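Have a look at start24.txt below; it lists compact mmCIF, C-alpha atoms.
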```txt
# COMPACT_ATOMS: atom_id res chain seq x y z
CA MET A 11 -219.13 41.11 42.34
CA ALA A 12 -217.82 44.67 42.58
CA GLN A 13 -214.57 43.82 40.75
CA LYS A 14 -216.44 41.98 37.99
CA THR A 15 -218.84 44.87 37.59
CA THR A 16 -215.95 47.31 37.31
CA THR A 17 -214.43 45.13 34.59
CA TYR A 18 -217.70 45.13 32.64
CA LEU A 19 -217.97 48.92 32.85
CA VAL A 20 -214.37 49.49 31.82
CA ILE A 21 -214.61 47.13 28.85
CA GLY A 22 -217.92 48.57 27.73
CA LEU A 23 -216.81 52.17 27.92
CA VAL A 24 -213.51 51.56 26.15
CA VAL A 25 -215.22 49.65 23.34
CA GLY A 26 -217.78 52.43 22.95
CA LEU A 27 -215.10 55.10 22.79
CA ILE A 28 -212.97 53.16 20.32
CA ILE A 29 -215.92 52.50 18.02
CA GLY A 30 -216.69 56.20 18.08
CA ALA A 31 -213.10 57.00 17.22
CA ILE A 32 -213.05 54.45 14.39
CA ILE A 33 -216.24 55.82 12.90
CA GLY A 34 -214.97 59.37 13.19
CA VAL A 35 -211.78 58.51 11.33
CA ALA A 36 -213.40 56.28 8.73
CA VAL A 37 -215.95 58.82 7.54
CA ALA A 38 -213.32 61.52 6.96
CA PRO A 39 -212.99 61.81 3.14
CA PRO A 40 -209.39 61.44 1.87
CA LYS A 41 -210.02 63.84 -1.02
CA GLY A 42 -207.72 66.84 -0.77
CA VAL A 43 -205.83 65.36 2.18
CA PRO A 44 -202.02 65.21 1.79
CA LYS A 45 -200.67 61.66 1.48
CA GLU A 46 -198.58 61.96 4.65
CA GLU A 47 -201.63 63.04 6.62
CA TYR A 48 -203.75 60.30 5.07
CA ASP A 49 -201.17 57.61 5.88
CA LYS A 50 -200.98 58.87 9.44
CA VAL A 51 -204.75 58.67 9.87
CA LYS A 52 -204.83 55.24 8.23
CA SER A 53 -202.16 54.01 10.63
CA GLN A 54 -204.15 55.31 13.59
CA LEU A 55 -207.26 53.59 12.27
CA GLU A 56 -205.45 50.27 11.97
CA GLU A 57 -204.13 50.65 15.51
CA LEU A 58 -207.61 51.37 16.84
CA GLN A 59 -209.04 48.45 14.90
CA ALA A 60 -206.47 46.12 16.47
CA LYS A 61 -207.39 47.35 19.95
CA TYR A 62 -211.07 46.95 19.19
CA ASP A 63 -210.57 43.36 17.97
CA ALA A 64 -208.60 42.56 21.13
CA LEU A 65 -211.34 43.96 23.35
CA LYS A 66 -214.06 42.07 21.50
CA SER A 67 -212.39 38.82 22.53
CA VAL A 68 -212.87 39.79 26.17
CA LEU A 69 -216.56 40.60 25.87
CA GLY A 70 -217.44 37.01 26.66
CA THR A 71 -216.99 37.91 30.34
CA LEU A 72 -220.26 39.85 30.25
CA PRO A 73 -223.24 38.23 32.00
CA GLU A 74 -225.12 35.76 29.80
CA ASP A 75 -228.42 37.42 30.58
CA GLY A 76 -227.05 40.77 29.42
CA VAL A 77 -227.68 42.49 32.74
CA ILE A 78 -225.16 44.44 34.83
CA LYS A 79 -226.39 45.02 38.36
CA LEU A 80 -225.04 47.84 40.52
CA SER A 81 -225.92 49.13 43.96
CA ALA A 82 -225.28 52.57 45.41
CA TRP A 83 -225.86 54.32 48.72
CA SER A 84 -226.08 58.10 48.90
CA ALA A 85 -226.74 60.34 51.88
CA GLY A 86 -227.35 63.96 52.78
CA SER A 87 -230.09 66.42 53.61
CA PRO A 88 -233.65 66.20 52.23
CA VAL A 89 -232.69 68.37 49.24
CA ASP A 90 -229.76 66.13 48.25
CA TYR A 91 -231.87 63.25 46.91
CA TYR A 92 -230.55 63.97 43.40
CA ARG A 93 -227.30 62.28 44.43
CA ALA A 94 -229.13 59.00 43.98
CA GLU A 95 -231.11 60.13 40.95
CA ASN A 96 -227.94 61.23 39.12
CA LEU A 97 -226.58 57.70 39.31
CA LYS A 98 -229.75 56.34 37.73
CA ARG A 99 -229.38 58.81 34.88
CA ALA A 100 -225.69 57.92 34.49
CA ALA A 101 -226.61 54.24 34.22
CA LYS A 102 -228.91 55.05 31.30
CA VAL A 103 -226.10 56.94 29.55
CA LEU A 104 -223.71 54.03 30.03
CA GLU A 105 -226.32 51.59 28.79
CA ALA A 106 -226.69 53.66 25.61
CA LEU A 107 -222.91 53.61 25.11
CA LEU A 108 -222.78 49.84 25.44
CA ARG A 109 -225.61 49.36 22.97
CA ALA A 110 -223.89 51.72 20.55
CA ALA A 111 -220.96 49.33 20.77
CA GLY A 112 -223.25 46.51 19.68
CA LEU A 113 -223.80 45.08 23.15
CA ASN A 114 -227.36 44.24 24.14
CA VAL A 115 -226.67 44.98 27.79
CA LYS A 116 -229.08 46.37 30.35
CA ILE A 117 -227.87 48.16 33.47
CA GLU A 118 -229.91 47.84 36.63
CA ILE A 119 -228.89 50.11 39.50
CA ASP A 120 -230.36 50.03 42.97
CA SER A 121 -229.64 53.62 44.00
CA TYR A 122 -230.64 54.11 47.63
CA TYR A 123 -230.84 57.51 49.31
CA GLU A 124 -231.10 58.29 53.01
CA HIS A 125 -231.60 61.57 54.83
CA VAL A 126 -228.86 61.34 57.44
CA SER A 127 -228.61 63.35 60.65
CA ASP A 128 -226.39 60.88 62.52
CA TRP A 129 -223.32 60.32 60.35
CA GLY A 130 -221.81 57.93 62.87
CA ALA A 131 -224.80 55.64 62.48
CA TRP A 132 -224.53 55.92 58.68
CA LYS A 133 -220.90 54.82 58.80
CA SER A 134 -221.74 51.94 61.14
CA LYS A 135 -224.45 50.82 58.73
CA PHE A 136 -221.98 50.76 55.85
CA VAL A 137 -219.26 48.98 57.85
CA ALA A 138 -221.74 46.29 58.91
CA ALA A 139 -222.77 45.77 55.29
CA TYR A 140 -219.12 45.65 54.20
CA GLU A 141 -218.17 43.06 56.80
CA ALA A 142 -221.19 40.97 55.80
CA GLY A 143 -220.13 41.08 52.15
CA GLU A 144 -223.18 43.16 51.26
CA ALA A 145 -221.62 46.60 50.75
CA PRO A 146 -222.83 48.68 47.79
CA ASP A 147 -220.63 49.15 44.72
CA ILE A 148 -220.80 52.94 45.19
CA ILE A 149 -220.92 54.79 48.51
CA SER A 150 -221.07 58.45 49.51
CA GLY A 151 -221.20 60.18 52.85
CA ILE A 152 -218.33 58.37 54.59
CA ASP A 153 -214.92 59.70 55.57
CA MET A 154 -212.68 59.13 52.56
CA ALA A 155 -209.39 58.96 54.47
CA GLU A 156 -210.75 56.46 56.99
CA ALA A 157 -212.32 54.37 54.23
CA ALA A 158 -209.06 54.30 52.26
CA GLU A 159 -207.02 53.26 55.30
CA ALA A 160 -209.53 50.54 56.17
CA GLY A 161 -209.53 49.16 52.63
CA TRP A 162 -213.24 49.80 52.12
CA ILE A 163 -212.68 51.71 48.87
CA ILE A 164 -210.18 51.53 46.00
CA PRO A 165 -208.11 54.30 44.30
CA LEU A 166 -209.53 55.45 40.96
CA ASP A 167 -206.49 57.12 39.36
CA GLU A 168 -206.18 54.48 36.63
CA TYR A 169 -209.78 54.89 35.50
CA ILE A 170 -209.83 58.68 35.80
CA GLU A 171 -206.76 58.92 33.58
CA LYS A 172 -208.18 56.43 31.08
CA TYR A 173 -211.52 58.23 30.78
CA SER A 174 -210.30 61.79 31.27
CA ASP A 175 -212.15 62.93 28.13
CA MET A 176 -215.44 61.99 29.79
CA LEU A 177 -214.59 63.96 32.93
CA LYS A 178 -213.59 67.27 31.37
CA ASP A 179 -216.64 69.04 32.79
CA ILE A 180 -215.34 68.54 36.34
CA PRO A 181 -213.15 71.53 37.35
CA ASP A 182 -209.58 70.49 38.15
CA TYR A 183 -209.64 72.01 41.64
CA LEU A 184 -212.50 69.73 42.73
CA TRP A 185 -210.27 66.68 42.42
CA ASP A 186 -208.22 67.94 45.37
CA ALA A 187 -211.16 67.10 47.63
CA CYS A 188 -210.95 63.50 46.42
CA LYS A 189 -207.23 63.02 47.08
CA TYR A 190 -205.59 61.23 49.97
CA LYS A 191 -201.92 60.29 50.21
CA GLY A 192 -201.37 61.23 46.58
CA LYS A 193 -204.21 59.11 45.17
CA ILE A 194 -207.77 59.84 44.07
CA TRP A 195 -210.37 57.83 45.96
CA GLY A 196 -213.64 59.24 44.66
CA VAL A 197 -215.44 61.38 42.10
CA PRO A 198 -217.01 64.76 42.99
CA GLN A 199 -220.75 64.24 43.30
CA ASP A 200 -221.88 67.85 43.48
CA VAL A 201 -220.75 71.40 44.19
CA ALA A 202 -222.39 73.32 47.01
CA SER A 203 -223.06 77.04 46.59
CA GLN A 204 -222.69 78.80 49.91
CA VAL A 205 -224.53 82.10 50.29
CA PHE A 206 -223.05 84.99 52.27
CA TYR A 207 -225.47 87.26 54.13
CA TYR A 208 -224.74 90.43 56.07
CA ARG A 209 -226.91 92.62 58.29
CA LYS A 210 -227.50 96.07 56.89
CA ASP A 211 -229.04 97.28 60.16
CA VAL A 212 -225.81 96.53 62.04
CA LEU A 213 -223.73 98.34 59.42
CA ARG A 214 -225.98 101.38 59.77
CA GLU A 215 -225.54 101.30 63.55
CA MET A 216 -221.79 101.26 62.94
CA GLY A 217 -222.12 104.58 61.13
CA TRP A 218 -222.19 103.39 57.53
CA SER A 219 -224.06 105.61 55.09
CA GLU A 220 -226.87 104.15 53.00
CA GLU A 221 -224.66 104.40 49.92
CA GLU A 222 -221.88 102.45 51.64
CA VAL A 223 -224.29 99.75 52.79
CA GLU A 224 -225.78 99.28 49.33
CA ALA A 225 -222.37 99.29 47.64
CA LEU A 226 -220.89 96.53 49.83
CA ALA A 227 -222.13 93.58 47.73
CA ASP A 228 -220.67 94.99 44.51
CA LYS A 229 -217.37 95.76 46.22
CA ILE A 230 -217.14 92.18 47.50
CA ALA A 231 -217.85 90.83 44.01
CA ALA A 232 -215.20 93.13 42.52
CA GLY A 233 -212.61 92.08 45.08
CA GLU A 234 -212.38 95.56 46.56
CA VAL A 235 -213.50 94.22 49.94
CA THR A 236 -211.52 91.16 50.99
CA TRP A 237 -212.07 88.41 53.54
CA ASP A 238 -209.71 90.24 55.91
CA ASP A 239 -211.82 93.40 55.56
CA LEU A 240 -214.96 91.47 56.47
CA MET A 241 -213.24 89.99 59.51
CA LYS A 242 -212.33 93.50 60.70
CA ILE A 243 -215.92 94.68 60.22
CA ALA A 244 -217.26 91.67 62.14
CA LYS A 245 -214.76 92.19 64.95
CA GLU A 246 -215.71 95.86 65.25
CA ALA A 247 -219.41 94.95 65.46
CA MET A 248 -218.63 92.55 68.31
CA GLU A 249 -216.48 95.08 70.16
CA ARG A 250 -219.31 97.62 69.98
CA GLY A 251 -221.71 95.09 71.45
CA LEU A 252 -223.95 95.12 68.39
CA VAL A 253 -223.71 91.35 67.83
CA GLU A 254 -222.72 88.35 69.91
CA TRP A 255 -220.81 86.71 67.07
CA GLY A 256 -219.26 88.38 64.06
CA PHE A 257 -219.86 85.35 61.83
CA TYR A 258 -222.34 82.50 61.94
CA HIS A 259 -221.82 79.49 59.71
CA ARG A 260 -225.52 78.63 60.16
CA PRO A 261 -228.24 79.36 62.74
CA ASN A 262 -228.26 75.79 64.08
CA TRP A 263 -226.06 72.69 64.42
CA GLY A 264 -224.11 71.85 61.30
CA THR A 265 -220.77 71.24 59.66
CA SER A 266 -220.28 74.36 57.53
CA LEU A 267 -217.87 76.00 59.96
CA GLU A 268 -214.97 74.63 57.93
CA ILE A 269 -215.87 76.91 55.01
CA PRO A 270 -214.62 80.20 56.55
CA TYR A 271 -211.68 78.22 57.94
CA TYR A 272 -210.75 77.11 54.42
CA GLU A 273 -211.38 80.63 53.11
CA ALA A 274 -208.79 81.85 55.60
CA GLY A 275 -206.24 79.41 54.16
CA GLY A 276 -206.66 76.64 56.74
CA GLU A 277 -206.22 72.91 56.16
CA PHE A 278 -207.34 69.93 58.23
CA TYR A 279 -204.84 67.35 57.04
CA ASP A 280 -201.82 66.92 54.84
CA LEU A 281 -202.88 65.35 51.53
CA GLU A 282 -199.62 63.44 51.12
CA THR A 283 -199.10 62.08 54.64
CA GLY A 284 -202.70 61.94 55.82
CA LYS A 285 -201.74 63.56 59.12
CA LEU A 286 -204.20 65.90 60.80
CA VAL A 287 -203.17 69.55 60.90
CA LEU A 288 -204.72 72.69 62.34
CA ASP A 289 -203.84 76.19 61.20
CA LYS A 290 -204.06 78.45 64.25
CA LYS A 291 -203.62 81.56 62.12
CA ALA A 292 -206.66 80.63 60.01
CA LEU A 293 -208.72 80.07 63.16
CA LYS A 294 -208.03 83.62 64.30
```
Would you encode the structure as structure tokens?
Amino acid sequence: MAQKTTTYLVIGLVVGLIIGAIIGVAVAPPKGVPKEEYDKVKSQLEELQAKYDALKSVLGTLPEDGVIKLSAWSAGSPVDYYRAENLKRAAKVLEALLRAAGLNVKIEIDSYYEHVSDWGAWKSKFVAAYEAGEAPDIISGIDMAEAAEAGWIIPLDEYIEKYSDMLKDIPDYLWDACKYKGKIWGVPQDVASQVFYYRKDVLREMGWSEEEVEALADKIAAGEVTWDDLMKIAKEAMERGLVEWGFYHRPNWGTSLEIPYYEAGGEFYDLETGKLVLDKKALK
């Protein structure tokens, strides 16, 4: 079912994009356009028309009832429910594209969200569904490298390249988080904004003037105070006995400790080989 659904989506999107391109070219008035330019555009139009005609012959593979059904599982904290809601909104956009292509197709998506505190249990739930042939078409919240090695997910490079124009709003650097062994296995679902706090009272106890304390935020934003500088300040505060820890990634259990590790240039695994690595220098 998942492969058929992917085929429907690919065909529908391509047809929609080609129709848009054909319309865009056709409405351009030839008046005042040099003959060479006009012939070039006409040739492109004919090429697009041929592709469109070829795709139309494949549209018979769509469901007779005109309904494409998808399922998705998303997970996270209580505030991350939008991960499921975004998929519902995306389905509506895709449905509009298909109808613009002349296809009376409805997209029904069962987008399930779960607040997860035990990620091991979440993975076990997905694996059980996969082995029973009941896995969702879209999944988030599982280890990408493990899922790729186990064959639970498929690489998306072909589709990302084909529909790159529709993904331009995703910053290039975010795709690195979706790569494993040279292939892309997922699409970024959101971007977390991590907030950095510092204790002014501790800085004052360290002998900072009020002007220096108040100027710190602006200096960080301007790049005048670097990560290394902050590490030195934190270490000094610890040595003076003013704090137990120079940095806290959060006040309770969590997984955000990797953020300062990454900021220090650390990596957890080699993207090409998939081997785990640990940067001792970054840990210091």
Interatomic distance (Å, one decimal) between CA of Tyr190 (chain A) and CA of Lys98 (chain A):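 The value is 27.5 Å.
Using only C-alpha atoms for every distance, the candidate list A:Lys210, A:Lys52, A:Lys116, A:Arg93 yields A:Lys116 as the residue closest to Leu80 (chain A).
With all atoms listed in the file as the atoms that count, the minimum distance from Pro165 (chain A) to the choices A:Gly192, A:Ala202, A:Ala142, A:Ile149 is reached by A:Gly192.
The gap separating CA of Ala292 (chain A) from CA of Gly275 (chain A) is 6.0 Å, in Å to one decimal.
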To one decimal place in Å, what is the distance between CA of Val77 (chain A) and CA of Glu118 (chain A)?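 Computing the Euclidean distance for CA of Val77 (chain A) and CA of Glu118 (chain A) yields 7.0 Å.
Using all atoms listed in the file, the shortest contact distance between Ile163 (chain A) and any of A:Trp129, A:Phe136, A:Phe278, A:Phe206 is found at A:Phe136.
Residues in contact range of Asp238 (chain A), defined as at most 12 Å between all atoms listed in the file, with sequence neighbours fewer than 3 positions away removed, read Ile230, Gly233, Glu234, Val235, Met241, Lys242, Ile243, Ala244, Lys245, Pro270, Glu273, Ala274, Gly275, Ala292 and Lys294 of chain A.
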Using all atoms listed in the file, which of the listed residues (A:Trp83, A:Phe257, A:Trp132, A:Trp185) sits closest to Ile148 (chain A)? A:Trp83
Step by step: start from the point (-225.1, 48.9, 29.0) in the file's coordinates, keep every protein, DNA or RNA residue that has an atom no farther than 10 Å from it, count only C-alpha atoms, and write the set as a PyMOL selection string. chain A and resi 18-19+22-23+76-78+101-118
Measuring atom to atom with all atoms listed in the file, identify which of A:Ala158, A:Ala138, A:Val89, A:Ile269 is nearest to Ile194 (chain A).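 For Ile194 (chain A), the nearest of the given residues is A:Ala158.
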Do you know which residues are at most 9 Å from Ile170 (chain A) counting all atoms listed in the file, after dropping those on the same chain fewer than 5 positions away, and could you put them as a PyMOL selection string? chain A and resi 176-177+194+197
